[in-house]
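Q: My structure is in upload-v8.pdb, and what it holds is PDB, C-alpha atoms:
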```pdb
ATOM      1  CA  MET A   1      19.347  44.759 -18.142
ATOM      2  CA  THR A   2      22.992  44.517 -17.054
ATOM      3  CA  GLY A   3      23.593  42.163 -19.976
ATOM      4  CA  ILE A   4      22.375  44.771 -22.465
ATOM      5  CA  ILE A   5      24.595  47.441 -20.926
ATOM      6  CA  ARG A   6      27.563  45.061 -20.915
ATOM      7  CA  THR A   7      27.044  44.345 -24.621
ATOM      8  CA  TYR A   8      27.062  48.033 -25.543
ATOM      9  CA  VAL A   9      30.084  48.836 -23.371
ATOM     10  CA  ASN A  10      32.016  45.914 -24.857
ATOM     11  CA  GLU A  11      31.212  47.093 -28.382
ATOM     12  CA  PHE A  12      32.049  50.687 -27.501
ATOM     13  CA  VAL A  13      35.525  49.780 -26.255
ATOM     14  CA  LYS A  14      36.142  47.301 -29.086
ATOM     15  CA  ASP A  15      35.013  49.653 -31.874
ATOM     16  CA  ASN A  16      36.990  52.721 -30.778
ATOM     17  CA  ASP A  17      40.768  52.350 -30.948
ATOM     18  CA  PHE A  18      41.438  55.305 -28.662
ATOM     19  CA  VAL A  19      39.127  54.020 -25.900
ATOM     20  CA  VAL A  20      41.082  51.747 -23.573
ATOM     21  CA  ALA A  21      38.437  51.272 -20.890
ATOM     22  CA  SER A  22      34.892  52.141 -20.013
ATOM     23  CA  VAL A  23      32.736  51.456 -16.987
ATOM     24  CA  VAL A  24      29.067  52.021 -16.302
ATOM     25  CA  VAL A  25      28.583  52.661 -12.591
ATOM     26  CA  SER A  26      25.816  53.248 -10.098
ATOM     27  CA  SER A  27      25.774  56.639  -8.404
ATOM     28  CA  ASP A  28      27.140  55.019  -5.250
ATOM     29  CA  GLY A  29      30.140  53.589  -7.023
ATOM     30  CA  HIS A  30      29.260  50.021  -7.923
ATOM     31  CA  LEU A  31      30.366  48.579 -11.250
ATOM     32  CA  VAL A  32      27.360  47.788 -13.453
ATOM     33  CA  ALA A  33      29.328  46.811 -16.554
ATOM     34  CA  GLY A  34      32.811  47.426 -17.845
ATOM     35  CA  ALA A  35      35.264  46.601 -20.591
ATOM     36  CA  GLN A  36      38.916  47.392 -21.105
ATOM     37  CA  LYS A  37      42.035  46.760 -23.179
ATOM     38  CA  LYS A  38      44.328  47.356 -20.180
ATOM     39  CA  GLU A  39      44.487  45.856 -16.716
ATOM     40  CA  TYR A  40      42.860  48.564 -14.635
ATOM     41  CA  SER A  41      40.877  47.813 -11.519
ATOM     42  CA  LEU A  42      37.392  48.449 -12.864
ATOM     43  CA  ASP A  43      36.014  48.478  -9.318
ATOM     44  CA  ARG A  44      38.325  51.331  -8.329
ATOM     45  CA  LEU A  45      37.572  53.146 -11.565
ATOM     46  CA  SER A  46      33.873  52.774 -10.744
ATOM     47  CA  ALA A  47      34.272  54.263  -7.270
ATOM     48  CA  LEU A  48      36.298  57.143  -8.701
ATOM     49  CA  GLY A  49      33.664  57.650 -11.398
ATOM     50  CA  SER A  50      30.851  58.091  -8.917
ATOM     51  CA  THR A  51      32.997  60.426  -6.816
ATOM     52  CA  PHE A  52      33.814  62.656  -9.792
ATOM     53  CA  MET A  53      30.176  62.811 -10.888
ATOM     54  CA  ALA A  54      29.017  63.596  -7.353
ATOM     55  CA  LEU A  55      31.554  66.425  -7.107
ATOM     56  CA  GLY A  56      30.418  67.710 -10.518
ATOM     57  CA  ASP A  57      26.793  67.644  -9.399
ATOM     58  CA  SER A  58      27.673  69.444  -6.159
ATOM     59  CA  LEU A  59      29.640  72.050  -8.104
ATOM     60  CA  ALA A  60      26.717  72.599 -10.473
ATOM     61  CA  GLY A  61      24.442  73.156  -7.490
ATOM     62  CA  GLU A  62      26.921  75.494  -5.816
ATOM     63  CA  VAL A  63      27.112  77.837  -8.787
ATOM     64  CA  ALA A  64      23.398  77.375  -9.631
ATOM     65  CA  MET A  65      24.080  76.340 -13.208
ATOM     66  CA  GLY A  66      21.700  73.414 -13.556
ATOM     67  CA  GLY A  67      22.984  69.857 -13.733
ATOM     68  CA  CYS A  68      26.422  68.470 -14.475
ATOM     69  CA  LYS A  69      26.535  66.802 -17.890
ATOM     70  CA  ASP A  70      30.102  65.577 -17.781
ATOM     71  CA  VAL A  71      33.416  65.876 -15.976
ATOM     72  CA  ILE A  72      36.614  65.796 -18.013
ATOM     73  CA  ALA A  73      40.031  64.867 -16.636
ATOM     74  CA  GLU A  74      42.795  65.769 -19.110
ATOM     75  CA  LEU A  75      45.859  63.760 -18.150
ATOM     76  CA  ASP A  76      49.425  63.731 -19.498
ATOM     77  CA  GLY A  77      48.784  60.433 -21.216
ATOM     78  CA  GLY A  78      45.123  60.635 -22.108
ATOM     79  CA  ILE A  79      41.654  61.732 -21.128
ATOM     80  CA  VAL A  80      38.983  60.372 -18.826
ATOM     81  CA  ALA A  81      35.415  61.514 -19.419
ATOM     82  CA  PHE A  82      32.705  60.997 -16.824
ATOM     83  CA  MET A  83      29.111  61.414 -18.015
ATOM     84  CA  HIS A  84      25.646  60.765 -16.644
ATOM     85  CA  VAL A  85      23.663  57.970 -18.289
ATOM     86  CA  THR A  86      20.690  58.558 -16.003
ATOM     87  CA  ARG A  87      20.442  60.464 -12.738
ATOM     88  CA  ASN A  88      21.669  57.412 -10.811
ATOM     89  CA  VAL A  89      23.982  55.852 -13.370
ATOM     90  CA  ALA A  90      27.168  57.246 -14.916
ATOM     91  CA  ILE A  91      29.732  56.134 -17.462
ATOM     92  CA  ALA A  92      33.488  56.715 -17.348
ATOM     93  CA  SER A  93      35.508  56.363 -20.545
ATOM     94  CA  VAL A  94      39.286  56.301 -20.676
ATOM     95  CA  SER A  95      41.237  57.311 -23.795
ATOM     96  CA  ASP A  96      44.987  56.885 -24.147
ATOM     97  CA  SER A  97      45.136  59.755 -26.637
ATOM     98  CA  SER A  98      45.324  63.246 -25.190
ATOM     99  CA  ARG A  99      44.039  64.681 -28.506
ATOM    100  CA  SER A 100      40.820  62.696 -28.602
ATOM    101  CA  LEU A 101      38.544  64.813 -26.414
ATOM    102  CA  GLY A 102      35.928  65.505 -29.079
ATOM    103  CA  LEU A 103      35.896  61.930 -30.289
ATOM    104  CA  LEU A 104      35.765  60.566 -26.765
ATOM    105  CA  LEU A 105      32.822  62.768 -25.811
ATOM    106  CA  SER A 106      30.851  62.058 -28.982
ATOM    107  CA  SER A 107      31.490  58.310 -28.964
ATOM    108  CA  THR A 108      30.661  58.033 -25.271
ATOM    109  CA  ARG A 109      27.474  60.012 -25.880
ATOM    110  CA  GLY A 110      26.677  57.576 -28.694
ATOM    111  CA  CYS A 111      27.144  54.641 -26.337
ATOM    112  CA  ILE A 112      24.853  56.299 -23.769
ATOM    113  CA  ASP A 113      22.180  56.923 -26.414
ATOM    114  CA  SER A 114      22.341  53.293 -27.530
ATOM    115  CA  ILE A 115      21.966  52.049 -23.942
ATOM    116  CA  LEU A 116      19.065  54.419 -23.232
ATOM    117  CA  ARG A 117      17.303  53.502 -26.481
ATOM    118  CA  GLU A 118      17.596  49.813 -25.664
ATOM    119  CA  LEU A 119      16.432  50.296 -22.092
ATOM    120  CA  LYS A 120      13.415  52.343 -23.218
ATOM    121  CA  SER A 121      12.343  49.535 -25.537
ATOM    122  CA  LEU A 122      12.283  47.036 -22.680
ATOM    123  CA  PRO A 123       8.814  46.013 -21.419
ATOM    124  CA  LYS A 124       7.969  47.995 -18.300
ATOM    125  CA  THR A 125       5.581  45.442 -16.783
ATOM    126  CA  LYS A 126       5.348  41.665 -16.619
ATOM    127  CA  GLU A 127       2.193  41.949 -18.725
ATOM    128  CA  GLU A 128       4.027  43.749 -21.516
ATOM    129  CA  ALA A 129       6.760  41.137 -21.403
ATOM    130  CA  THR A 130       4.210  38.314 -21.760
ATOM    131  CA  ASN A 131       2.446  40.003 -24.700
TER     132      ASN A 131
ATOM    133  CA  MET B   1      42.384  84.233  13.304
ATOM    134  CA  ALA B   2      43.315  80.592  12.816
ATOM    135  CA  GLU B   3      41.758  78.419  10.170
ATOM    136  CA  ILE B   4      41.726  74.790  11.204
ATOM    137  CA  LYS B   5      41.000  71.836   8.964
ATOM    138  CA  ILE B   6      39.456  68.870  10.715
ATOM    139  CA  VAL B   7      38.250  65.584   9.283
ATOM    140  CA  ILE B   8      35.309  63.567  10.554
ATOM    141  CA  THR B   9      35.557  59.930   9.609
ATOM    142  CA  GLY B  10      34.100  56.580  10.610
ATOM    143  CA  ALA B  11      32.052  53.702   9.296
ATOM    144  CA  VAL B  12      28.855  53.933   7.261
ATOM    145  CA  GLY B  13      25.974  54.987   9.488
ATOM    146  CA  ALA B  14      28.156  56.461  12.240
ATOM    147  CA  GLY B  15      26.589  59.897  11.723
ATOM    148  CA  LYS B  16      29.309  61.875   9.932
ATOM    149  CA  THR B  17      27.034  63.728   7.509
ATOM    150  CA  THR B  18      24.460  64.370  10.237
ATOM    151  CA  ALA B  19      27.103  65.685  12.631
ATOM    152  CA  ILE B  20      28.482  68.165  10.110
ATOM    153  CA  GLY B  21      24.956  69.272   9.215
ATOM    154  CA  SER B  22      24.237  69.834  12.928
ATOM    155  CA  ILE B  23      26.986  72.373  13.473
ATOM    156  CA  SER B  24      27.814  73.902  10.120
ATOM    157  CA  GLU B  25      27.004  77.590   9.820
ATOM    158  CA  ILE B  26      26.988  77.335   6.024
ATOM    159  CA  PRO B  27      24.860  75.045   3.864
ATOM    160  CA  VAL B  28      26.785  71.768   3.859
ATOM    161  CA  VAL B  29      28.509  70.849   0.615
ATOM    162  CA  SER B  30      27.195  67.343   0.204
ATOM    163  CA  THR B  31      27.913  64.510  -2.191
ATOM    164  CA  ASP B  32      25.271  62.110  -0.936
ATOM    165  CA  VAL B  33      23.730  59.830  -3.540
ATOM    166  CA  ALA B  34      21.108  57.108  -3.430
ATOM    167  CA  ALA B  35      22.448  53.914  -1.882
ATOM    168  CA  SER B  36      21.942  50.835  -4.033
ATOM    169  CA  ASP B  37      23.579  48.152  -1.899
ATOM    170  CA  ALA B  38      23.239  46.766   1.623
ATOM    171  CA  VAL B  39      23.558  50.299   2.968
ATOM    172  CA  SER B  40      20.094  51.078   1.595
ATOM    173  CA  ALA B  41      18.607  48.763   4.241
ATOM    174  CA  PHE B  42      19.325  51.311   6.961
ATOM    175  CA  LYS B  43      19.854  54.626   5.137
ATOM    176  CA  ALA B  44      18.639  56.006   1.849
ATOM    177  CA  SER B  45      21.775  57.832   0.825
ATOM    178  CA  THR B  46      25.508  57.543   1.186
ATOM    179  CA  THR B  47      28.457  59.932   0.807
ATOM    180  CA  VAL B  48      30.702  59.203  -2.180
ATOM    181  CA  ALA B  49      33.163  62.125  -2.117
ATOM    182  CA  MET B  50      32.945  64.347   0.950
ATOM    183  CA  ASP B  51      30.861  66.626   3.117
ATOM    184  CA  TYR B  52      32.061  70.106   3.918
ATOM    185  CA  GLY B  53      30.892  72.539   6.560
ATOM    186  CA  GLU B  54      32.264  75.451   8.556
ATOM    187  CA  LEU B  55      32.044  76.543  12.173
ATOM    188  CA  THR B  56      33.417  79.734  13.720
ATOM    189  CA  LEU B  57      34.505  79.369  17.333
ATOM    190  CA  ASP B  58      34.093  82.035  20.021
ATOM    191  CA  ASP B  59      37.727  83.128  19.638
ATOM    192  CA  GLY B  60      37.189  83.698  15.918
ATOM    193  CA  SER B  61      38.987  80.539  14.782
ATOM    194  CA  LYS B  62      37.286  78.990  11.790
ATOM    195  CA  LEU B  63      36.911  75.226  11.599
ATOM    196  CA  ARG B  64      36.799  73.828   8.101
ATOM    197  CA  ILE B  65      35.116  70.488   8.615
ATOM    198  CA  TYR B  66      35.414  67.690   6.061
ATOM    199  CA  GLY B  67      33.486  64.443   6.290
ATOM    200  CA  THR B  68      34.788  61.333   4.564
ATOM    201  CA  PRO B  69      32.814  58.651   2.782
ATOM    202  CA  GLY B  70      32.343  55.671   5.098
ATOM    203  CA  GLN B  71      32.675  52.900   2.571
ATOM    204  CA  GLU B  72      36.156  51.534   2.025
ATOM    205  CA  ARG B  73      35.896  51.554  -1.764
ATOM    206  CA  PHE B  74      36.124  55.349  -1.498
ATOM    207  CA  SER B  75      39.308  55.183   0.576
ATOM    208  CA  PHE B  76      41.171  57.228  -2.051
ATOM    209  CA  MET B  77      39.145  60.162  -0.705
ATOM    210  CA  TRP B  78      40.346  59.447   2.844
ATOM    211  CA  ASP B  79      43.937  60.184   1.859
ATOM    212  CA  ILE B  80      42.966  63.277  -0.115
ATOM    213  CA  LEU B  81      40.892  64.686   2.742
ATOM    214  CA  ALA B  82      43.467  63.809   5.419
ATOM    215  CA  THR B  83      46.102  65.981   3.763
ATOM    216  CA  GLY B  84      46.650  69.095   5.850
ATOM    217  CA  ALA B  85      44.167  68.148   8.559
ATOM    218  CA  LEU B  86      45.093  69.231  12.069
ATOM    219  CA  GLY B  87      42.582  67.019  13.814
ATOM    220  CA  PHE B  88      40.524  63.895  13.249
ATOM    221  CA  VAL B  89      37.198  62.920  14.739
ATOM    222  CA  ILE B  90      36.376  59.237  14.495
ATOM    223  CA  LEU B  91      32.688  58.554  14.945
ATOM    224  CA  VAL B  92      31.692  55.073  16.095
ATOM    225  CA  ASN B  93      28.169  53.694  15.882
ATOM    226  CA  HIS B  94      27.664  52.017  19.271
ATOM    227  CA  SER B  95      24.658  50.073  17.986
ATOM    228  CA  SER B  96      26.836  48.294  15.436
ATOM    229  CA  PRO B  97      28.099  44.844  16.454
ATOM    230  CA  THR B  98      31.444  45.846  14.932
ATOM    231  CA  ALA B  99      31.756  49.157  16.807
ATOM    232  CA  LEU B 100      35.102  48.432  18.467
ATOM    233  CA  ALA B 101      36.519  46.793  15.351
ATOM    234  CA  ASP B 102      35.428  49.844  13.359
ATOM    235  CA  LEU B 103      37.177  52.164  15.812
ATOM    236  CA  ASP B 104      40.320  50.046  15.611
ATOM    237  CA  PHE B 105      40.176  50.018  11.811
ATOM    238  CA  TYR B 106      39.828  53.784  11.406
ATOM    239  CA  ILE B 107      42.474  54.575  14.010
ATOM    240  CA  LYS B 108      44.924  52.262  12.260
ATOM    241  CA  ARG B 109      43.978  53.589   8.824
ATOM    242  CA  PHE B 110      44.552  57.227   9.864
ATOM    243  CA  ARG B 111      47.282  56.529  12.440
ATOM    244  CA  LYS B 112      50.098  58.260  10.581
ATOM    245  CA  SER B 113      48.051  61.436  10.154
ATOM    246  CA  ILE B 114      46.754  61.242  13.727
ATOM    247  CA  ASP B 115      50.291  60.957  15.086
ATOM    248  CA  GLU B 116      51.107  64.223  13.310
ATOM    249  CA  SER B 117      47.963  65.966  14.569
ATOM    250  CA  THR B 118      45.359  65.038  17.178
ATOM    251  CA  MET B 119      42.053  63.226  17.426
ATOM    252  CA  ALA B 120      38.846  62.703  19.347
ATOM    253  CA  VAL B 121      36.377  59.833  19.346
ATOM    254  CA  GLY B 122      32.624  60.335  19.238
ATOM    255  CA  VAL B 123      30.402  57.409  20.195
ATOM    256  CA  THR B 124      27.005  57.741  18.522
ATOM    257  CA  HIS B 125      23.746  55.811  18.939
ATOM    258  CA  ILE B 126      24.570  55.190  22.600
ATOM    259  CA  GLY B 127      21.624  57.060  24.136
ATOM    260  CA  ASP B 128      21.655  57.057  27.930
ATOM    261  CA  ASN B 129      23.635  53.855  28.129
ATOM    262  CA  LEU B 130      26.725  55.715  29.263
ATOM    263  CA  SER B 131      28.139  52.786  31.230
ATOM    264  CA  SER B 132      28.880  51.234  27.843
ATOM    265  CA  MET B 133      31.436  53.967  27.220
ATOM    266  CA  ALA B 134      33.829  51.957  29.379
ATOM    267  CA  LYS B 135      34.757  49.614  26.578
ATOM    268  CA  TYR B 136      35.881  52.531  24.431
ATOM    269  CA  TYR B 137      37.975  53.993  27.262
ATOM    270  CA  ASP B 138      39.477  50.538  27.839
ATOM    271  CA  TYR B 139      40.286  50.178  24.150
ATOM    272  CA  MET B 140      41.932  53.603  23.927
ATOM    273  CA  ASN B 141      43.941  52.913  27.091
ATOM    274  CA  SER B 142      45.056  49.540  25.779
ATOM    275  CA  GLN B 143      46.308  51.239  22.629
ATOM    276  CA  HIS B 144      48.024  54.031  24.616
ATOM    277  CA  LEU B 145      45.922  56.624  22.822
ATOM    278  CA  PRO B 146      45.475  59.597  25.158
ATOM    279  CA  TYR B 147      42.602  61.226  23.293
ATOM    280  CA  PRO B 148      39.166  62.317  24.502
ATOM    281  CA  ILE B 149      36.047  60.228  23.915
ATOM    282  CA  PHE B 150      32.559  61.729  23.842
ATOM    283  CA  PRO B 151      29.086  60.228  23.780
ATOM    284  CA  VAL B 152      27.475  62.093  20.903
ATOM    285  CA  ASP B 153      24.028  62.428  19.431
ATOM    286  CA  ALA B 154      25.035  63.522  15.922
ATOM    287  CA  ARG B 155      21.670  65.293  15.545
ATOM    288  CA  LYS B 156      22.370  67.559  18.519
ATOM    289  CA  ALA B 157      24.502  70.571  17.723
ATOM    290  CA  ALA B 158      25.541  70.963  21.372
ATOM    291  CA  ASP B 159      26.983  67.423  21.477
ATOM    292  CA  VAL B 160      28.893  67.749  18.239
ATOM    293  CA  ARG B 161      30.066  71.264  18.997
ATOM    294  CA  LEU B 162      31.433  70.224  22.404
ATOM    295  CA  MET B 163      33.451  67.477  20.738
ATOM    296  CA  VAL B 164      34.930  69.572  17.930
ATOM    297  CA  GLU B 165      35.596  72.532  20.242
ATOM    298  CA  ALA B 166      37.495  70.260  22.612
ATOM    299  CA  MET B 167      39.596  69.051  19.732
ATOM    300  CA  ALA B 168      40.116  72.562  18.419
ATOM    301  CA  SER B 169      41.389  73.551  21.879
ATOM    302  CA  MET B 170      43.896  70.713  21.727
ATOM    303  CA  ILE B 171      45.041  71.966  18.329
ATOM    304  CA  ILE B 172      45.273  75.620  19.309
ATOM    305  CA  TYR B 173      46.806  75.286  22.769
ATOM    306  CA  GLU B 174      48.991  72.188  22.549
TER     307      GLU B 174
END
```
Could you quickly redo this structure as structure tokens?
A:
Amino acid sequence: MTGIIRTYVNEFVKDNDFVVASVVVSSDGHLVAGAQKKEYSLDRLSALGSTFMALGDSLAGEVAMGGCKDVIAELDGGIVAFMHVTRNVAIASVSDSSRSLGLLLSSTRGCIDSILRELKSLPKTKEEATN
Amino acid sequence: MAEIKIVITGAVGAGKTTAIGSISEIPVVSTDVAASDAVSAFKASTTVAMDYGELTLDDGSKLRIYGTPGQERFSFMWDILATGALGFVILVNHSSPTALADLDFYIKRFRKSIDESTMAVGVTHIGDNLSSMAKYYDYMNSQHLPYPIFPVDARKAADVRLMVEAMASMIIYE
């Protein structure tokens, strides 16, 4: 399963010029898969990703506005978008263009959809895998 | 009345989230998520950002209590939460084979902030085995750290409250 996610994250970063890094992380901050064009610490980015999503989820609960879909950090030199893949998995995408918010959100959402579609098509039992 | 920020820190499983939940008079702001690593062997969830609770003391002072994540990969949150804190509580899980090393690690990690404020140590999971407290007193003496140490059941509000009230007194009156 990690291999499938890694493939999609690699393609996502490679195919989008403005995306310089992306990590898929567990809710407790472990790197599941990542790709980058820079030299970031993907482990630290993963821990930060889970922290941001947890704060977003807590904020959503505090103001009773449902769940947190994404958390956006607009920086001087770019944008980082944190989004849920599933309840216990999130993705963080880093863009080095501060004018790419819409593109970053839509392309990251596309990457999530691809991962989810692939994961849904996986056999759920050993029996299904054998057949 | 005074508003006092304190930080409760310590290793995974020391009881930080439980302690804040025991004494907070507001619903605790929690960022616990499902644990997926070795932590899951002894607890289902782990803190990845912070816990936050509040406690009003008898003199009207309000304690704003922040709990840190225990795992070192979230250490960026330790520095964020330490900013502006007037007191630190380090919780140590006595049942851990690395209890003293954990205490040493967290004291050293927060030493600069502690030197500018104050601290207390809470020893959890010690039950009635109070003679074992000696090793923590010995450690603190050897490090010339003149701070109080309490045996604490993090589930018991009275235990946790005694510890944080003692520290609040040190902050207010020293």
Q: Would you list which chain A residues are within 9 Å of chain B using all atoms listed in the file, as a VMD selection string?
A: chain A and resid 26 to 30 43 to 44 47 to 48 50 to 52 54 to 55 57 to 59 62 88
Q: Keeping only C-alpha atoms, take the residues you just selected and write them out as an mmCIF file, in the coordinates of the input.
A:
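Okay, this is what ended up in again.cif:
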```
data_model
loop_
_atom_site.group_PDB
_atom_site.id
_atom_site.type_symbol
_atom_site.label_atom_id
_atom_site.label_comp_id
_atom_site.auth_asym_id
_atom_site.auth_seq_id
_atom_site.Cartn_x
_atom_site.Cartn_y
_atom_site.Cartn_z
ATOM 1 C CA SER A 26 25.816 53.248 -10.098
ATOM 2 C CA SER A 27 25.774 56.639 -8.404
ATOM 3 C CA ASP A 28 27.140 55.019 -5.250
ATOM 4 C CA GLY A 29 30.140 53.589 -7.023
ATOM 5 C CA HIS A 30 29.260 50.021 -7.923
ATOM 6 C CA ASP A 43 36.014 48.478 -9.318
ATOM 7 C CA ARG A 44 38.325 51.331 -8.329
ATOM 8 C CA ALA A 47 34.272 54.263 -7.270
ATOM 9 C CA LEU A 48 36.298 57.143 -8.701
ATOM 10 C CA SER A 50 30.851 58.091 -8.917
ATOM 11 C CA THR A 51 32.997 60.426 -6.816
ATOM 12 C CA PHE A 52 33.814 62.656 -9.792
ATOM 13 C CA ALA A 54 29.017 63.596 -7.353
ATOM 14 C CA LEU A 55 31.554 66.425 -7.107
ATOM 15 C CA ASP A 57 26.793 67.644 -9.399
ATOM 16 C CA SER A 58 27.673 69.444 -6.159
ATOM 17 C CA LEU A 59 29.640 72.050 -8.104
ATOM 18 C CA GLU A 62 26.921 75.494 -5.816
ATOM 19 C CA ASN A 88 21.669 57.412 -10.811
#
```
Q: Quick one: everything within 12 Å of Ser107 (chain A), counting all atoms listed in the file, minus sequence neighbours fewer than 6 positions away in the same chain. Send it as a PDB file with C-alpha atoms, in the coordinates of the input.
A:
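Dumped to selection14.pdb:
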```pdb
ATOM      1  CA  TYR A   8      27.062  48.033 -25.543  1.00  0.00           C
ATOM      2  CA  VAL A   9      30.084  48.836 -23.371  1.00  0.00           C
ATOM      3  CA  GLU A  11      31.212  47.093 -28.382  1.00  0.00           C
ATOM      4  CA  PHE A  12      32.049  50.687 -27.501  1.00  0.00           C
ATOM      5  CA  VAL A  13      35.525  49.780 -26.255  1.00  0.00           C
ATOM      6  CA  LYS A  14      36.142  47.301 -29.086  1.00  0.00           C
ATOM      7  CA  ASP A  15      35.013  49.653 -31.874  1.00  0.00           C
ATOM      8  CA  ASN A  16      36.990  52.721 -30.778  1.00  0.00           C
ATOM      9  CA  ASP A  17      40.768  52.350 -30.948  1.00  0.00           C
ATOM     10  CA  PHE A  18      41.438  55.305 -28.662  1.00  0.00           C
ATOM     11  CA  VAL A  19      39.127  54.020 -25.900  1.00  0.00           C
ATOM     12  CA  SER A  22      34.892  52.141 -20.013  1.00  0.00           C
ATOM     13  CA  ALA A  81      35.415  61.514 -19.419  1.00  0.00           C
ATOM     14  CA  MET A  83      29.111  61.414 -18.015  1.00  0.00           C
ATOM     15  CA  ILE A  91      29.732  56.134 -17.462  1.00  0.00           C
ATOM     16  CA  ALA A  92      33.488  56.715 -17.348  1.00  0.00           C
ATOM     17  CA  SER A  93      35.508  56.363 -20.545  1.00  0.00           C
ATOM     18  CA  VAL A  94      39.286  56.301 -20.676  1.00  0.00           C
ATOM     19  CA  SER A  95      41.237  57.311 -23.795  1.00  0.00           C
ATOM     20  CA  SER A 100      40.820  62.696 -28.602  1.00  0.00           C
ATOM     21  CA  LEU A 101      38.544  64.813 -26.414  1.00  0.00           C
ATOM     22  CA  ASP A 113      22.180  56.923 -26.414  1.00  0.00           C
ATOM     23  CA  SER A 114      22.341  53.293 -27.530  1.00  0.00           C
TER      24      SER A 114
END
```
Q: Nearest to Ala101 (chain B): which of B:Ile114, B:Ala11, B:Leu162, B:Leu86 is it, counting all atoms listed in the file?
A: B:Ala11
Q: Tell me which of B:Gly53, B:Pro151, B:Gly60, B:Gly70 sits closest to Asp102 (chain B), counting all atoms listed in the file.
A: B:Gly70
Q: Any idea what's packed within 6 Å of Gly122 (chain B), counting all atoms listed in the file, ignoring anything in its chain fewer than 3 positions away? Could you give it as JSON, numbers by chain?
A: {"B": [91, 149, 150, 151, 152]}
Q: Enter the distance from CA of Gly15 (chain B) to CA of Ser169 (chain B), in Å, rounded to one decimal.
A: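 Computing it gives 22.6 Å between the two atoms.
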Q: With distances taken over only C-alpha atoms, which residue among A:Gly61, A:Ser97, A:Met1, A:Ile115 lies nearest His84 (chain A)?
A: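 Among A:Gly61, A:Ser97, A:Met1, A:Ile115, it is A:Ile115 that comes nearest to His84 (chain A).
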Q: When you draw a straight line from CA of Asp58 (chain B) to CA of Met1 (chain B), how long is it in Å?
A: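 These atoms are spaced 10.9 Å apart.
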Q: With a distance cut-off of 12 Å and all atoms listed in the file, select the neighbouring residues of Thr98 (chain B), excluding the residue or stretch itself and same-chain residues fewer than 5 positions from it, and output the selection as a list in words.
A: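 Final neighbour list, sorted by chain and number: Gly10, Ala11, Val12, Gly13, Ala14, Val92, Asn93, Leu103, Asp104 and Phe105 of chain B.
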Q: Report, in Å to a single decimal, how far apart CA of Ala134 (chain B) and CA of Lys108 (chain B) are.
A: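 That distance, rounded to one decimal, is 20.4 Å.
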Q: Once the PyMOL selection byres ((chain A and resi 4) around 12) has been evaluated on this model, what residues remain selected, and can you format them as a PyMOL selection string?
A: chain A and resi 1-3+5-11+24+32-34+111-112+114-122
Q: Apply the PyMOL selection byres ((chain B and resi 167) around 8) to the file shown and report the selected residues as number ranges by chain.
A: B: 87, 118-120, 163-166, 168-171
Q: Which of these, A:Val20, A:Met53, A:Leu75, A:Met65, has the shortest distance to Glu39 (chain A) once you count all atoms listed in the file?
A: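 Closest candidate: A:Val20.
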Q: Using only C-alpha atoms, which of A:Gly56, A:Val23, A:Gly110, A:Thr86 sits nearest Ile72 (chain A)?
A: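 The closest residue to Ile72 (chain A) is A:Gly56.
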